[in-house]
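Just below is one structure, and these are the notes that go with it.
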Amino acid sequence: ITYIRQLEQNLSKKLREKGQIARYNLDDIVTVSNTMVKCKNLADKVSKTDLTVLITGESGTGKELIAQSIHNNSKRYNQPFVAINCAAMPENLLESELFGYDSGAFTGANKSGKIGKFELANNGTIFLDEIGDMPLFMQAKILRVLQEKEVEPIGSNMPIKLNIRIIAATNKDLQAMVKEKTFREDLYYRLNVIKINVPALRHREGDIELLSYHFLNLLSLKMGKQ
């Protein structure tokens, strides 16, 4: 057991060196808005659990900031935080990025194989950003990971057991997408265990002035160090 823990610690250290960590916490979210304070309070409560979280909100509202804060406020804080943007990843690469592959799994594959994002996040948190842009064929595979708590690399018949927390985020209306048959209903309900809606800045009364002073102070401090 000690040897296994040492291996996990070494992996965690390597991931931190590669940037697979969460850098922000709830104290980094500057606000006086009641709606945002409620959002922070809910994030604080859910961070004490291992429940799957779906974060919704417009682009630029700070959904990843909330996700990182949940991770850093949880018992998994010293484990990997692995983020993947489902919208930015080409469909033909998404499966190998998420699940990894064995050596010789397909033409052009790395001879030594590749560890997928889910396996990299083991014992920690995986953040699936822009989940609404994930193609349907991948949604079925993500659903299986949620149900079975295991992942099977491409070209392998040996599933890998996982101990991870899943946080997903989207700027799309997933309920509408379910009705349009562009998002799986079963996956939606698996992801929507706890929903956190991050309000847009225009709905955060008092925060525009507060954030203006906050960023001006940060700029002044940075200029003073030069």
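Labeling convention for the structure tokens: chains A, B, ... as they appear, residues from 1 per chain, ligands from 1 in order of appearance.
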
Inset, instruction - Give me the residues within 7 Å of Lys195 in chain A as a PyMOL selection string, counting only C-alpha atoms and dropping any in the same chain fewer than 2 places off. - result: chain A and resi 53-55+192-193+197

Next, dump the selected residues to file, keeping only N, CA, C and O atoms, as a short mmCIF file (atom, residue, chain, number, x, y, z; two decimals), in the first residue's frame.
```cif
data_model
loop_
_atom_site.label_atom_id
_atom_site.label_comp_id
_atom_site.auth_asym_id
_atom_site.auth_seq_id
_atom_site.Cartn_x
_atom_site.Cartn_y
_atom_site.Cartn_z
N VAL A 53 -21.02 17.64 -10.73
CA VAL A 53 -21.51 19.01 -10.79
C VAL A 53 -21.61 19.47 -12.25
O VAL A 53 -20.70 19.22 -13.05
N LEU A 54 -22.70 20.13 -12.59
CA LEU A 54 -22.87 20.76 -13.89
C LEU A 54 -22.91 22.27 -13.69
O LEU A 54 -23.78 22.79 -13.00
N ILE A 55 -21.93 22.95 -14.28
CA ILE A 55 -21.84 24.42 -14.15
C ILE A 55 -22.33 25.04 -15.44
O ILE A 55 -21.82 24.74 -16.53
N ASN A 192 -26.30 16.31 -14.32
CA ASN A 192 -27.05 17.35 -13.62
C ASN A 192 -27.45 16.91 -12.21
O ASN A 192 -28.60 17.04 -11.81
N VAL A 193 -26.48 16.40 -11.45
CA VAL A 193 -26.75 16.02 -10.06
C VAL A 193 -26.86 17.28 -9.20
O VAL A 193 -27.81 17.47 -8.46
N ASN A 197 -25.38 27.68 -11.51
CA ASN A 197 -25.47 28.65 -12.59
C ASN A 197 -24.67 29.90 -12.22
O ASN A 197 -24.92 30.52 -11.19
#
```

Legend entry - DSSP strand (DSSP E) residues within chain A, as number ranges by chain: A: 53-56, 81-85, 100-101, 114-115, 125-129, 150-151, 160-161, 165-170, 194-197

Inset, instruction - Can you work out the spacing between CA of Glu130 in chain A and CA of Thr170 in chain A in Å, to one decimal? - result: 4.5 Å

Exercise: Glu205 in chain A partners within 9 Å, only C-alpha atoms, chain neighbours under 4 positions left out, as a compact mmCIF listing (two decimals) with C-alpha atoms, in the first residue's frame:
```txt
# COMPACT_ATOMS: atom_id res chain seq x y z
CA VAL A 32 -20.48 41.72 -3.34
CA SER A 33 -23.38 40.54 -5.49
CA ASN A 34 -26.01 38.45 -3.71
CA THR A 35 -26.42 36.16 -6.73
CA LEU A 201 -21.49 40.30 -14.79
```

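In this model, the gap between CA of Thr49 in chain A and CA of Gln175 in chain A comes to 24.9 Å.
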
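Proximity of A:Glu64, A:Ser212, A:Thr52, A:Pro199 to Lys38 in chain A, computed with only C-alpha atoms, is greatest for A:Pro199.
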
Inset, instruction - With a distance cut-off of 7 Å and only C-alpha atoms, select the neighbouring residues of range 76-93 of chain A, excluding the residue or stretch itself and same-chain residues fewer than 6 positions from it, and output the selection as a list in words. - result: Ser12, Leu15, Gln20, Ile21, Ala22, Lys117, Ala121, Asn123, Gly124, Thr125, Ile126, Phe127, Leu128, Asp129, Glu130, Ile131, Asp133 and Met134 of chain A

Dump as a PDB file, in the first residue's frame, selection limited to N, CA and C atoms:
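And here is the file that came out, out-v5.pdb:
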```pdb
ATOM      1  N   SER A  12       1.112  12.567  -9.088  1.00  0.00           N
ATOM      2  CA  SER A  12       0.548  13.876  -8.756  1.00  0.00           C
ATOM      3  C   SER A  12       1.583  14.982  -8.933  1.00  0.00           C
ATOM      4  N   LEU A  15       2.128  15.627 -12.641  1.00  0.00           N
ATOM      5  CA  LEU A  15       0.996  16.363 -13.201  1.00  0.00           C
ATOM      6  C   LEU A  15       1.050  17.830 -12.819  1.00  0.00           C
ATOM      7  N   GLN A  20      -1.221  20.338 -14.569  1.00  0.00           N
ATOM      8  CA  GLN A  20      -2.508  19.677 -14.349  1.00  0.00           C
ATOM      9  C   GLN A  20      -2.976  19.927 -12.916  1.00  0.00           C
ATOM     10  N   ILE A  21      -3.141  21.187 -12.579  1.00  0.00           N
ATOM     11  CA  ILE A  21      -3.545  21.562 -11.231  1.00  0.00           C
ATOM     12  C   ILE A  21      -4.594  22.672 -11.300  1.00  0.00           C
ATOM     13  N   ALA A  22      -5.300  22.843 -10.210  1.00  0.00           N
ATOM     14  CA  ALA A  22      -6.250  23.950 -10.076  1.00  0.00           C
ATOM     15  C   ALA A  22      -5.536  25.099  -9.354  1.00  0.00           C
ATOM     16  N   LYS A 117      -6.981  11.386 -20.529  1.00  0.00           N
ATOM     17  CA  LYS A 117      -7.248  12.403 -19.516  1.00  0.00           C
ATOM     18  C   LYS A 117      -7.958  11.825 -18.289  1.00  0.00           C
ATOM     19  N   ALA A 121      -6.502  11.908 -14.469  1.00  0.00           N
ATOM     20  CA  ALA A 121      -7.249  12.565 -13.391  1.00  0.00           C
ATOM     21  C   ALA A 121      -7.576  11.625 -12.240  1.00  0.00           C
ATOM     22  N   ASN A 123      -8.085   9.747  -8.971  1.00  0.00           N
ATOM     23  CA  ASN A 123      -8.016  10.229  -7.586  1.00  0.00           C
ATOM     24  C   ASN A 123      -8.272  11.732  -7.464  1.00  0.00           C
ATOM     25  N   GLY A 124      -8.371  12.400  -8.610  1.00  0.00           N
ATOM     26  CA  GLY A 124      -8.615  13.836  -8.593  1.00  0.00           C
ATOM     27  C   GLY A 124      -9.920  14.204  -9.276  1.00  0.00           C
ATOM     28  N   THR A 125      -9.872  15.284 -10.077  1.00  0.00           N
ATOM     29  CA  THR A 125     -11.065  15.821 -10.735  1.00  0.00           C
ATOM     30  C   THR A 125     -10.809  15.991 -12.217  1.00  0.00           C
ATOM     31  N   ILE A 126     -11.778  15.607 -13.040  1.00  0.00           N
ATOM     32  CA  ILE A 126     -11.712  15.930 -14.471  1.00  0.00           C
ATOM     33  C   ILE A 126     -12.790  16.968 -14.759  1.00  0.00           C
ATOM     34  N   PHE A 127     -12.397  18.000 -15.498  1.00  0.00           N
ATOM     35  CA  PHE A 127     -13.304  19.091 -15.831  1.00  0.00           C
ATOM     36  C   PHE A 127     -13.585  19.050 -17.326  1.00  0.00           C
ATOM     37  N   LEU A 128     -14.822  18.722 -17.687  1.00  0.00           N
ATOM     38  CA  LEU A 128     -15.239  18.645 -19.081  1.00  0.00           C
ATOM     39  C   LEU A 128     -15.905  19.958 -19.464  1.00  0.00           C
ATOM     40  N   ASP A 129     -15.107  20.854 -20.008  1.00  0.00           N
ATOM     41  CA  ASP A 129     -15.611  22.175 -20.377  1.00  0.00           C
ATOM     42  C   ASP A 129     -16.320  22.099 -21.730  1.00  0.00           C
ATOM     43  N   GLU A 130     -17.337  22.914 -21.903  1.00  0.00           N
ATOM     44  CA  GLU A 130     -18.133  22.945 -23.134  1.00  0.00           C
ATOM     45  C   GLU A 130     -18.662  21.551 -23.491  1.00  0.00           C
ATOM     46  N   ILE A 131     -19.243  20.873 -22.499  1.00  0.00           N
ATOM     47  CA  ILE A 131     -19.772  19.518 -22.688  1.00  0.00           C
ATOM     48  C   ILE A 131     -20.891  19.499 -23.724  1.00  0.00           C
ATOM     49  N   ASP A 133     -20.880  20.694 -26.561  1.00  0.00           N
ATOM     50  CA  ASP A 133     -20.324  20.562 -27.906  1.00  0.00           C
ATOM     51  C   ASP A 133     -19.777  19.160 -28.170  1.00  0.00           C
ATOM     52  N   MET A 134     -19.945  18.266 -27.218  1.00  0.00           N
ATOM     53  CA  MET A 134     -19.438  16.908 -27.393  1.00  0.00           C
ATOM     54  C   MET A 134     -20.334  16.133 -28.362  1.00  0.00           C
TER      55      MET A 134
END
```

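In the backbone-derived DSSP annotation, helix (DSSP H, G or I) within range 32-83 of chain A comprises Asn34, Thr35, Met36, Val37, Lys38, Cys39, Lys40, Asn41, Leu42, Ala43, Asp44, Lys45, Val46, Ser47, Lys63, Glu64, Leu65, Ile66, Ala67, Gln68, Ser69, Ile70, His71 and Asn72 of chain A.
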
Residues of the last selection are to be written out with N, CA and C atoms, as a PDB file, in the first residue's frame.
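The resulting file, out-v1.pdb, is shown below:
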```
ATOM      1  N   ASN A  34     -25.294  39.525  -4.392  1.00  0.00           N
ATOM      2  CA  ASN A  34     -26.014  38.446  -3.705  1.00  0.00           C
ATOM      3  C   ASN A  34     -26.092  37.182  -4.548  1.00  0.00           C
ATOM      4  N   THR A  35     -26.309  37.331  -5.862  1.00  0.00           N
ATOM      5  CA  THR A  35     -26.424  36.163  -6.731  1.00  0.00           C
ATOM      6  C   THR A  35     -25.095  35.408  -6.813  1.00  0.00           C
ATOM      7  N   MET A  36     -23.989  36.159  -6.845  1.00  0.00           N
ATOM      8  CA  MET A  36     -22.680  35.505  -6.932  1.00  0.00           C
ATOM      9  C   MET A  36     -22.277  34.922  -5.583  1.00  0.00           C
ATOM     10  N   VAL A  37     -22.653  35.580  -4.506  1.00  0.00           N
ATOM     11  CA  VAL A  37     -22.373  35.050  -3.168  1.00  0.00           C
ATOM     12  C   VAL A  37     -23.099  33.712  -2.984  1.00  0.00           C
ATOM     13  N   LYS A  38     -24.343  33.637  -3.452  1.00  0.00           N
ATOM     14  CA  LYS A  38     -25.090  32.381  -3.375  1.00  0.00           C
ATOM     15  C   LYS A  38     -24.408  31.292  -4.203  1.00  0.00           C
ATOM     16  N   CYS A  39     -23.889  31.688  -5.354  1.00  0.00           N
ATOM     17  CA  CYS A  39     -23.172  30.758  -6.227  1.00  0.00           C
ATOM     18  C   CYS A  39     -21.925  30.212  -5.514  1.00  0.00           C
ATOM     19  N   LYS A  40     -21.193  31.104  -4.850  1.00  0.00           N
ATOM     20  CA  LYS A  40     -19.992  30.696  -4.101  1.00  0.00           C
ATOM     21  C   LYS A  40     -20.360  29.779  -2.935  1.00  0.00           C
ATOM     22  N   ASN A  41     -21.438  30.118  -2.246  1.00  0.00           N
ATOM     23  CA  ASN A  41     -21.861  29.299  -1.101  1.00  0.00           C
ATOM     24  C   ASN A  41     -22.247  27.886  -1.531  1.00  0.00           C
ATOM     25  N   LEU A  42     -22.930  27.780  -2.675  1.00  0.00           N
ATOM     26  CA  LEU A  42     -23.307  26.464  -3.188  1.00  0.00           C
ATOM     27  C   LEU A  42     -22.059  25.678  -3.592  1.00  0.00           C
ATOM     28  N   ALA A  43     -21.108  26.359  -4.229  1.00  0.00           N
ATOM     29  CA  ALA A  43     -19.847  25.709  -4.615  1.00  0.00           C
ATOM     30  C   ALA A  43     -19.095  25.214  -3.380  1.00  0.00           C
ATOM     31  N   ASP A  44     -19.132  25.997  -2.314  1.00  0.00           N
ATOM     32  CA  ASP A  44     -18.473  25.615  -1.064  1.00  0.00           C
ATOM     33  C   ASP A  44     -19.118  24.352  -0.485  1.00  0.00           C
ATOM     34  N   LYS A  45     -20.449  24.314  -0.477  1.00  0.00           N
ATOM     35  CA  LYS A  45     -21.159  23.153   0.075  1.00  0.00           C
ATOM     36  C   LYS A  45     -20.897  21.888  -0.738  1.00  0.00           C
ATOM     37  N   VAL A  46     -20.979  22.015  -2.068  1.00  0.00           N
ATOM     38  CA  VAL A  46     -20.837  20.839  -2.921  1.00  0.00           C
ATOM     39  C   VAL A  46     -19.398  20.340  -2.954  1.00  0.00           C
ATOM     40  N   SER A  47     -18.449  21.216  -2.652  1.00  0.00           N
ATOM     41  CA  SER A  47     -17.035  20.806  -2.662  1.00  0.00           C
ATOM     42  C   SER A  47     -16.737  19.771  -1.582  1.00  0.00           C
ATOM     43  N   LYS A  63     -16.817  29.955 -15.321  1.00  0.00           N
ATOM     44  CA  LYS A  63     -17.228  28.585 -14.975  1.00  0.00           C
ATOM     45  C   LYS A  63     -16.031  27.736 -14.541  1.00  0.00           C
ATOM     46  N   GLU A  64     -14.903  27.892 -15.226  1.00  0.00           N
ATOM     47  CA  GLU A  64     -13.729  27.103 -14.827  1.00  0.00           C
ATOM     48  C   GLU A  64     -13.192  27.577 -13.479  1.00  0.00           C
ATOM     49  N   LEU A  65     -13.334  28.843 -13.188  1.00  0.00           N
ATOM     50  CA  LEU A  65     -12.924  29.376 -11.883  1.00  0.00           C
ATOM     51  C   LEU A  65     -13.706  28.683 -10.762  1.00  0.00           C
ATOM     52  N   ILE A  66     -14.990  28.486 -10.981  1.00  0.00           N
ATOM     53  CA  ILE A  66     -15.824  27.772 -10.006  1.00  0.00           C
ATOM     54  C   ILE A  66     -15.379  26.316  -9.905  1.00  0.00           C
ATOM     55  N   ALA A  67     -15.119  25.688 -11.050  1.00  0.00           N
ATOM     56  CA  ALA A  67     -14.704  24.281 -11.060  1.00  0.00           C
ATOM     57  C   ALA A  67     -13.393  24.095 -10.301  1.00  0.00           C
ATOM     58  N   GLN A  68     -12.417  24.958 -10.550  1.00  0.00           N
ATOM     59  CA  GLN A  68     -11.134  24.867  -9.853  1.00  0.00           C
ATOM     60  C   GLN A  68     -11.307  25.105  -8.359  1.00  0.00           C
ATOM     61  N   SER A  69     -12.189  26.032  -8.006  1.00  0.00           N
ATOM     62  CA  SER A  69     -12.437  26.334  -6.595  1.00  0.00           C
ATOM     63  C   SER A  69     -13.048  25.135  -5.876  1.00  0.00           C
ATOM     64  N   ILE A  70     -13.975  24.452  -6.541  1.00  0.00           N
ATOM     65  CA  ILE A  70     -14.582  23.255  -5.954  1.00  0.00           C
ATOM     66  C   ILE A  70     -13.505  22.206  -5.692  1.00  0.00           C
ATOM     67  N   HIS A  71     -12.651  22.003  -6.672  1.00  0.00           N
ATOM     68  CA  HIS A  71     -11.571  21.008  -6.512  1.00  0.00           C
ATOM     69  C   HIS A  71     -10.638  21.386  -5.364  1.00  0.00           C
ATOM     70  N   ASN A  72     -10.204  22.635  -5.339  1.00  0.00           N
ATOM     71  CA  ASN A  72      -9.236  23.064  -4.314  1.00  0.00           C
ATOM     72  C   ASN A  72      -9.845  23.125  -2.922  1.00  0.00           C
TER      73      ASN A  72
END
```

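Proximity ranking of A:Asp102, A:Gly132, A:Lys114, A:Ile194 relative to Lys172 in chain A places A:Gly132 first, based on only C-alpha atoms.
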
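Considering the residues A:Ile115, A:Ile208, A:Leu26, A:Ala169 and counting only C-alpha atoms, Gly100 in chain A has its shortest atom-to-atom contact with A:Ile115.
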
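Our summary of the geometry notes that CA of Tyr188 in chain A is positioned 11.3 Å from CA of Leu146 in chain A.
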
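Every protein or nucleic acid residue with an atom no more than 7 Å from Leu98 in chain A, counting only C-alpha atoms and leaving out same-chain residues fewer than 4 positions away, appears here: Leu94, Gly116, Lys117 and Phe118 of chain A.
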